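Trainee: What follows is final-v8.cif; its format and atoms are mmCIF, C-alpha atoms.
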```
data_protein
#
loop_
_atom_site.label_atom_id
_atom_site.label_comp_id
_atom_site.auth_asym_id
_atom_site.auth_seq_id
_atom_site.Cartn_x
_atom_site.Cartn_y
_atom_site.Cartn_z
CA MET A 1 87.84 63.61 149.38
CA LYS A 2 84.65 62.68 147.53
CA GLU A 3 84.93 65.82 145.38
CA LEU A 4 88.54 65.04 144.52
CA LYS A 5 87.57 61.53 143.41
CA ILE A 6 84.80 62.93 141.21
CA LEU A 7 87.24 65.48 139.77
CA GLY A 8 89.76 62.71 139.05
CA ILE A 9 87.17 60.55 137.27
CA VAL A 10 85.93 63.49 135.16
CA THR A 11 89.53 64.43 134.27
CA VAL A 12 90.41 60.88 133.17
CA PHE A 13 87.32 60.52 130.99
CA THR A 14 87.90 64.00 129.49
CA LEU A 15 91.49 63.12 128.58
CA ILE A 16 90.41 59.81 127.02
CA LEU A 17 87.71 61.58 125.00
CA TYR A 18 90.18 64.26 123.86
CA TRP A 19 92.71 61.62 122.81
CA GLY A 20 90.04 59.75 120.85
CA VAL A 21 88.83 62.86 119.03
CA GLU A 22 92.18 64.53 118.39
CA PRO A 23 95.42 62.44 118.22
CA PHE A 24 93.85 59.04 117.58
CA ALA A 25 91.21 60.23 115.09
CA HIS A 26 93.74 62.29 113.15
CA SER A 27 96.17 59.37 113.05
CA GLN A 28 93.47 57.24 111.45
CA MET A 29 92.30 59.86 108.94
CA HIS A 30 95.74 61.04 107.85
CA LYS A 31 98.62 58.72 107.15
CA HIS A 32 101.83 59.35 109.02
CA VAL A 33 104.76 60.32 106.84
CA GLU A 34 108.28 60.06 108.21
CA GLY A 35 110.24 63.23 107.48
CA HIS A 36 113.98 63.48 106.92
CA ASP A 37 114.61 66.91 108.45
CA PHE A 38 115.26 68.36 104.98
CA THR A 39 118.40 66.28 104.41
CA TYR A 40 117.17 64.67 101.12
CA PRO A 41 118.67 61.19 101.67
CA ASP A 42 117.58 60.03 98.20
CA LEU A 43 120.19 62.35 96.66
CA PRO A 44 123.83 61.20 96.69
CA ALA A 45 126.48 63.45 98.20
CA VAL A 46 128.21 65.87 95.84
CA LYS A 47 131.92 65.03 95.81
CA ALA A 48 133.09 67.99 93.72
CA LYS A 49 134.32 71.03 95.62
CA GLY A 50 132.76 74.21 94.31
CA ASN A 51 134.69 77.20 92.94
CA ALA A 52 132.70 80.41 93.30
CA GLU A 53 134.78 82.34 90.74
CA ASN A 54 134.16 79.74 88.06
CA GLY A 55 130.53 79.58 89.13
CA LYS A 56 130.19 83.32 88.53
CA ASN A 57 131.03 82.76 84.87
CA LEU A 58 128.80 79.70 84.54
CA VAL A 59 125.79 81.42 86.12
CA MET A 60 125.61 83.85 83.21
CA ALA A 61 123.71 81.12 81.38
CA CYS A 62 120.99 81.43 84.04
CA VAL A 63 120.31 85.14 83.63
CA GLY A 64 118.71 84.50 80.28
CA CYS A 65 115.63 83.52 82.32
CA HIS A 66 116.37 84.51 85.93
CA SER A 67 117.20 87.73 87.71
CA ILE A 68 119.87 88.17 90.38
CA THR A 69 118.86 91.57 91.67
CA SER A 70 121.45 91.67 94.46
CA GLN A 71 124.13 91.57 91.73
CA ASN A 72 122.39 94.15 89.53
CA MET A 73 121.22 91.52 87.05
CA PRO A 74 117.58 92.30 86.21
CA ALA A 75 115.10 89.83 84.79
CA PRO A 76 115.01 89.74 80.98
CA MET A 77 111.18 89.89 81.02
CA ASP A 78 108.49 91.09 83.38
CA PRO A 79 106.59 88.40 85.35
CA VAL A 80 103.54 88.40 83.07
CA MET A 81 105.59 87.93 79.93
CA SER A 82 107.67 85.27 81.67
CA ALA A 83 104.48 83.38 82.61
CA GLN A 84 103.27 83.63 79.03
CA THR A 85 106.61 82.20 77.89
CA TYR A 86 107.39 79.59 80.56
CA GLY A 87 104.10 79.12 82.41
CA VAL A 88 105.49 80.65 85.61
CA ASN A 89 107.87 83.48 86.43
CA PRO A 90 111.42 82.11 87.03
CA PRO A 91 112.62 83.04 90.53
CA ASP A 92 115.16 85.66 91.46
CA LEU A 93 118.36 83.87 92.49
CA SER A 94 119.71 86.36 95.02
CA ASN A 95 118.70 84.44 98.15
CA ILE A 96 118.72 80.80 97.09
CA GLY A 97 122.17 80.16 98.58
CA ALA A 98 120.79 81.10 102.00
CA LEU A 99 117.53 79.13 101.79
CA PHE A 100 118.06 75.99 99.72
CA ASP A 101 120.06 72.86 100.43
CA GLU A 102 123.45 72.76 98.64
CA LYS A 103 123.16 69.10 97.66
CA PHE A 104 119.63 69.63 96.38
CA LEU A 105 120.68 72.67 94.32
CA ALA A 106 123.57 70.81 92.71
CA HIS A 107 121.40 67.88 91.65
CA PHE A 108 118.66 70.29 90.60
CA LEU A 109 121.04 71.98 88.18
CA LEU A 110 121.87 68.59 86.67
CA ASP A 111 118.34 67.16 86.42
CA PRO A 112 115.53 69.50 87.57
CA ALA A 113 112.58 67.24 86.71
CA LYS A 114 114.02 64.24 88.57
CA VAL A 115 114.99 66.18 91.68
CA THR A 116 111.74 68.12 91.97
CA LYS A 117 109.70 64.92 91.42
CA SER A 118 107.27 66.86 89.25
CA LYS A 119 106.40 66.04 85.66
CA HIS A 120 105.13 69.62 85.34
CA PHE A 121 108.60 71.04 85.90
CA ALA A 122 109.93 71.90 82.47
CA MET A 123 113.22 73.68 83.27
CA PRO A 124 116.16 72.14 81.34
CA PRO A 125 119.45 71.14 83.04
CA SER A 126 121.68 74.14 83.77
CA ALA A 127 124.99 72.37 84.44
CA GLY A 128 126.94 69.98 82.26
CA SER A 129 128.78 68.19 85.04
CA GLU A 130 128.82 67.75 88.79
CA GLN A 131 131.78 70.11 88.99
CA ASP A 132 129.89 72.83 87.10
CA ALA A 133 126.91 72.36 89.39
CA ALA A 134 129.12 72.58 92.50
CA ASP A 135 130.74 75.77 91.15
CA ILE A 136 127.39 77.44 90.52
CA VAL A 137 126.14 76.50 93.98
CA ALA A 138 129.34 77.88 95.50
CA TYR A 139 128.69 81.17 93.71
CA PHE A 140 125.13 81.35 95.02
CA LYS A 141 126.44 80.67 98.53
CA SER A 142 129.02 83.42 98.15
CA ILE A 143 126.42 86.08 97.28
CA ALA A 144 123.78 84.88 99.75
CA PRO A 145 122.79 87.43 102.40
CA LYS A 146 123.54 86.63 106.03
CA GLU A 147 119.90 87.11 106.97
CA VAL A 148 116.71 86.50 105.00
CA SER A 149 113.38 87.68 106.34
CA PRO A 150 110.39 85.29 106.57
CA LYS A 151 108.63 87.23 103.82
CA GLU A 152 111.66 87.01 101.53
CA ALA A 153 111.85 83.26 102.19
CA TYR A 154 108.17 82.87 101.30
CA ALA A 155 108.63 84.93 98.13
CA ALA A 156 111.57 82.80 97.02
CA ALA A 157 110.10 79.39 97.86
CA CYS A 158 106.35 79.83 97.39
CA GLY A 159 105.38 83.29 96.24
CA ARG A 160 105.47 82.86 92.47
CA CYS A 161 102.73 80.21 92.61
CA HIS A 162 100.85 80.82 95.86
CA ALA A 163 99.05 84.01 96.88
CA ASN A 164 98.57 85.01 100.51
CA ARG A 165 95.69 87.45 100.80
CA TYR A 166 96.18 88.03 104.53
CA GLY A 167 99.72 89.13 103.74
CA HIS A 168 98.48 91.21 100.78
CA TRP A 169 100.67 89.04 98.56
CA THR A 170 99.94 87.90 95.01
CA GLN A 171 101.91 85.84 92.52
CA LEU A 172 103.14 89.20 91.19
CA GLY A 173 104.28 90.38 94.60
CA ASP A 174 102.71 92.81 97.06
CA VAL A 175 99.32 94.28 96.22
CA PRO A 176 100.20 97.85 95.18
CA LYS A 177 98.73 100.83 97.01
CA THR A 178 96.79 102.85 94.47
CA LYS A 179 94.25 105.67 94.49
CA SER A 180 90.98 106.16 92.66
CA ASN A 181 90.54 109.10 90.31
CA ILE A 182 88.84 111.91 92.25
CA LYS A 183 86.43 112.77 89.43
CA THR A 184 85.48 109.29 88.23
CA GLY A 185 86.07 107.20 91.33
CA VAL A 186 87.85 104.64 89.14
CA ASP A 187 91.26 103.27 90.13
CA LEU A 188 92.87 102.57 86.77
CA ASP A 189 96.16 101.43 88.34
CA ALA A 190 94.34 98.82 90.44
CA LEU A 191 92.41 97.62 87.41
CA GLU A 192 95.63 97.32 85.41
CA PHE A 193 97.26 95.31 88.19
CA LYS A 194 94.24 92.97 88.39
CA LYS A 195 94.39 92.50 84.63
CA LYS A 196 98.07 91.52 84.76
CA LEU A 197 97.46 89.26 87.75
CA GLY A 198 94.60 87.56 85.92
CA ILE A 199 96.77 86.88 82.89
CA TYR A 200 99.54 85.49 85.10
CA GLN A 201 97.18 83.28 87.08
CA ASN A 202 95.57 81.87 83.94
CA LYS A 203 98.97 80.93 82.51
CA LEU A 204 100.04 79.47 85.85
CA ALA A 205 96.85 77.39 86.04
CA ASP A 206 97.50 76.05 82.54
CA TYR A 207 101.09 75.21 83.50
CA MET A 208 100.30 73.51 86.83
CA GLY A 209 96.95 71.94 85.89
CA LYS A 210 95.07 74.27 88.24
CA LEU A 211 95.78 77.45 90.15
CA PRO A 212 97.82 76.68 93.29
CA PRO A 213 95.85 77.51 96.46
CA ASP A 214 96.06 80.67 98.52
CA LEU A 215 98.10 79.91 101.65
CA SER A 216 96.59 82.50 103.99
CA ILE A 217 95.22 79.99 106.52
CA ILE A 218 97.23 76.87 105.65
CA ILE A 219 99.03 77.17 108.99
CA ARG A 220 95.67 76.60 110.72
CA ALA A 221 94.16 74.17 108.23
CA ARG A 222 97.01 71.65 108.37
CA SER A 223 99.05 70.12 111.17
CA GLU A 224 102.66 71.11 111.67
CA ASP A 225 103.81 67.59 110.79
CA PHE A 226 101.81 67.62 107.54
CA LEU A 227 103.17 71.01 106.47
CA GLU A 228 106.78 70.09 107.18
CA THR A 229 106.70 66.74 105.38
CA PHE A 230 104.64 68.15 102.52
CA VAL A 231 107.05 71.02 101.87
CA GLU A 232 110.00 68.63 102.19
CA ASP A 233 108.48 66.20 99.68
CA PRO A 234 104.97 66.97 98.31
CA GLN A 235 104.66 63.50 96.75
CA SER A 236 104.91 61.86 100.18
CA GLN A 237 101.60 63.39 101.23
CA LEU A 238 99.81 63.90 97.90
CA PRO A 239 101.09 61.43 95.28
CA GLY A 240 100.69 62.88 91.80
CA THR A 241 100.53 66.49 92.94
CA ALA A 242 101.91 69.06 90.50
CA MET A 243 103.77 70.88 93.24
CA PRO A 244 107.53 70.36 92.89
CA ARG A 245 109.91 69.54 95.71
CA VAL A 246 111.61 72.90 96.28
CA GLY A 247 114.70 71.90 98.30
CA LEU A 248 114.58 74.18 101.33
CA THR A 249 116.94 73.68 104.23
CA LYS A 250 115.45 73.18 107.69
CA GLU A 251 116.25 76.82 108.48
CA GLY A 252 114.69 77.94 105.20
CA TYR A 253 111.51 76.03 106.00
CA GLU A 254 111.34 77.63 109.47
CA LYS A 255 111.49 81.05 107.78
CA VAL A 256 108.59 80.16 105.49
CA LYS A 257 106.60 78.77 108.41
CA ALA A 258 107.25 81.96 110.38
CA TYR A 259 105.73 84.01 107.56
CA LEU A 260 102.70 81.73 107.34
CA GLU A 261 102.22 82.08 111.12
CA GLU A 262 102.68 85.84 110.92
CA THR A 263 99.98 86.21 108.26
CA GLY A 264 97.63 83.32 109.08
CA ASP A 265 97.89 83.23 112.87
CA PRO A 266 99.06 86.69 114.00
CA SER A 267 97.63 86.24 117.51
CA LYS A 268 99.87 83.25 118.29
CA PRO A 269 102.62 85.21 120.15
CA LEU A 270 100.02 86.98 122.33
CA ARG A 271 98.19 83.68 122.88
CA GLU A 272 101.39 81.96 124.01
CA LYS A 273 102.24 84.89 126.27
CA THR A 274 98.76 85.01 127.82
CA GLY A 275 98.33 81.24 128.22
CA PRO A 276 100.43 80.77 131.40
CA TRP A 277 98.61 83.66 133.09
CA VAL A 278 95.23 82.08 132.28
CA VAL A 279 96.34 78.70 133.61
CA GLY A 280 97.73 80.39 136.72
CA PHE A 281 94.42 82.19 137.26
CA PHE A 282 92.46 78.94 137.13
CA VAL A 283 94.87 77.23 139.55
CA ILE A 284 94.54 80.08 142.06
CA PHE A 285 90.77 80.25 141.51
CA ALA A 286 90.41 76.50 142.09
CA PHE A 287 92.46 76.72 145.29
CA LEU A 288 90.40 79.65 146.64
CA ALA A 289 87.15 77.90 145.65
CA PHE A 290 88.28 74.81 147.57
CA LEU A 291 89.05 76.89 150.67
CA TRP A 292 85.70 78.66 150.35
CA LYS A 293 83.88 75.34 150.05
CA LYS A 294 85.61 74.02 153.17
CA SER A 295 84.68 77.15 155.08
CA ILE A 296 81.01 77.07 154.02
CA TRP A 297 80.52 73.35 154.70
CA LYS A 298 82.50 73.29 157.91
CA GLY A 299 80.43 71.65 160.61
CA HIS A 300 77.74 70.35 158.23
CA HIS A 301 79.18 66.85 157.79
#
```
Could you quickly redo this structure as structure tokens?
Mentor:
Amino acid sequence: MKELKILGIVTVFTLILYWGVEPFAHSQMHKHVEGHDFTYPDLPAVKAKGNAENGKNLVMACVGCHSITSQNMPAPMDPVMSAQTYGVNPPDLSNIGALFDEKFLAHFLLDPAKVTKSKHFAMPPSAGSEQDAADIVAYFKSIAPKEVSPKEAYAAACGRCHANRYGHWTQLGDVPKTKSNIKTGVDLDALEFKKKLGIYQNKLADYMGKLPPDLSIIIRARSEDFLETFVEDPQSQLPGTAMPRVGLTKEGYEKVKAYLEETGDPSKPLREKTGPWVVGFFVIFAFLAFLWKKSIWKGHH
């Protein structure tokens, strides 16, 4: 019984110490921000009912800057030239109907700077009325794929500004596989890609104020609550940040988070699978150790 009392006291003090170092300390160092589950309550409901056919005609005004590759509408410029023109490469619009909130998209088309909460966002309004905005959103919903991979979600929501070196991702897309010249040992294709990437990153840094950070280990560096509320509304966590509010749905955010976990914490599935076995081992070991102790000390008290 004495050993159990000692164990209980040690356990209580350990839990108190852990609470003081982890939950309590973090709550004092980082302000708590209440999330809204990606519902964007500051935006009023869109009353107009969208017409996808009309939206298909209206969206032609968008392809002057954007691509819609799923509909065989290529980008008018390559990413580097787009960055030199706009500061950043405008996104492909194939998947936005599957990843972004409908209400957010409609208001974004009417007033991008206001909705994104970023003074750095220079895109002009793309819809003349709420009805036009609803029609365009309806069109994007109609062409949206049923399933979007985590990597595709990351590319659409984050990938034009943020690199991910663990995922071999740059602001220009995947790092290409190239080969060095056998005679010279020089990889001209790799050098050309680095040159283009450097030009893009310099223009992006000028546009945003600084180069957005690589997100390889963000899933480990920040808490889950911070990441979710920051992606939902960057200004809530970092007032004045240049990062715009992107307008993901809850499901879209989960896709992005899955990619960040896949690249930044690839051992998580194995860790979660192994954890119960480790705990089970210690429970059995503790029980056997207790029986062994009783056997050894039997008759010595």
Trainee: I need the output of the PyMOL selection byres ((chain A and resi 196-212) around 12) for this file as an MDAnalysis selection string; which residues are they?
Mentor: chainID A and resid 78:90 118:122 158:164 169:176 189:195 213:215 240:244
Trainee: Could you spell out the hits of the PyMOL selection byres ((chain A and resi 69) around 12) on the shown file, as a short mmCIF file (atom, residue, chain, number, x, y, z; two decimals) with C-alpha atoms, keeping the file's coordinate frame?
Mentor:
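The result, stored in expr_3.cif:
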```cif
data_model
loop_
_atom_site.label_atom_id
_atom_site.label_comp_id
_atom_site.auth_asym_id
_atom_site.auth_seq_id
_atom_site.Cartn_x
_atom_site.Cartn_y
_atom_site.Cartn_z
CA VAL A 63 120.31 85.14 83.63
CA HIS A 66 116.37 84.51 85.93
CA SER A 67 117.20 87.73 87.71
CA ILE A 68 119.87 88.17 90.38
CA SER A 70 121.45 91.67 94.46
CA GLN A 71 124.13 91.57 91.73
CA ASN A 72 122.39 94.15 89.53
CA MET A 73 121.22 91.52 87.05
CA PRO A 74 117.58 92.30 86.21
CA ALA A 75 115.10 89.83 84.79
CA PRO A 76 115.01 89.74 80.98
CA PRO A 91 112.62 83.04 90.53
CA ASP A 92 115.16 85.66 91.46
CA LEU A 93 118.36 83.87 92.49
CA SER A 94 119.71 86.36 95.02
CA ASN A 95 118.70 84.44 98.15
CA ILE A 143 126.42 86.08 97.28
CA ALA A 144 123.78 84.88 99.75
#
```
Trainee: For the structure shown, which residues end up in the PyMOL selection byres ((chain A and resi 129) around 12)? Put them as a VMD selection string, please?
Mentor: chain A and resid 46 to 48 50 58 106 to 111 125 to 128 130 to 136
Trainee: Which one of A:Leu227, A:Asp233, A:Ser142, A:Trp297 sits closest to Lys56 of chain A if you count only C-alpha atoms?
Mentor: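 Smallest separation from Lys56 of chain A among the options: A:Ser142.
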Trainee: Could you please give me, as an MDAnalysis selection string, the residues of protein, DNA or RNA lying at most 10 Å from (105.9, 70.0, 106.4) in the coordinate frame of the file, considering only C-alpha atoms?
Mentor: chainID A and resid 33 35 37:38 222:234 237 253:254 257
Trainee: Let me make sure I understand: among A:Asp187, A:Asp101, A:Glu152, A:Glu272, which one has the smallest atom-to-atom distance to Ala258 of chain A if we use only C-alpha atoms?
Mentor: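 Using only C-alpha atoms, the shortest distance to Ala258 of chain A belongs to A:Glu152.
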Trainee: What does the structure give for the distance between atom CA of Ser216 of chain A and atom CA of Lys151 of chain A, in Å to one decimal?
Mentor: 12.9 Å
Trainee: Between atom CA of Tyr18 of chain A and atom CA of Ile6 of chain A, what is the distance, to one decimal in Å?
Mentor: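 Atom CA of Ile6 of chain A lies at a distance of 18.2 Å from atom CA of Tyr18 of chain A.
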Trainee: What does the distance from atom CA of Ala52 of chain A to atom CA of Lys117 of chain A come to in Å, to one decimal?
Mentor: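 Between atom CA of Ala52 of chain A and atom CA of Lys117 of chain A the gap works out to 27.8 Å.
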Trainee: Using all atoms listed in the file, can you tell me which of A:Gly264, A:Gly247, A:Pro239, A:Pro124 comes closest to Tyr40 of chain A?
Mentor: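 Closest residue, counting all atoms listed in the file: A:Gly247.
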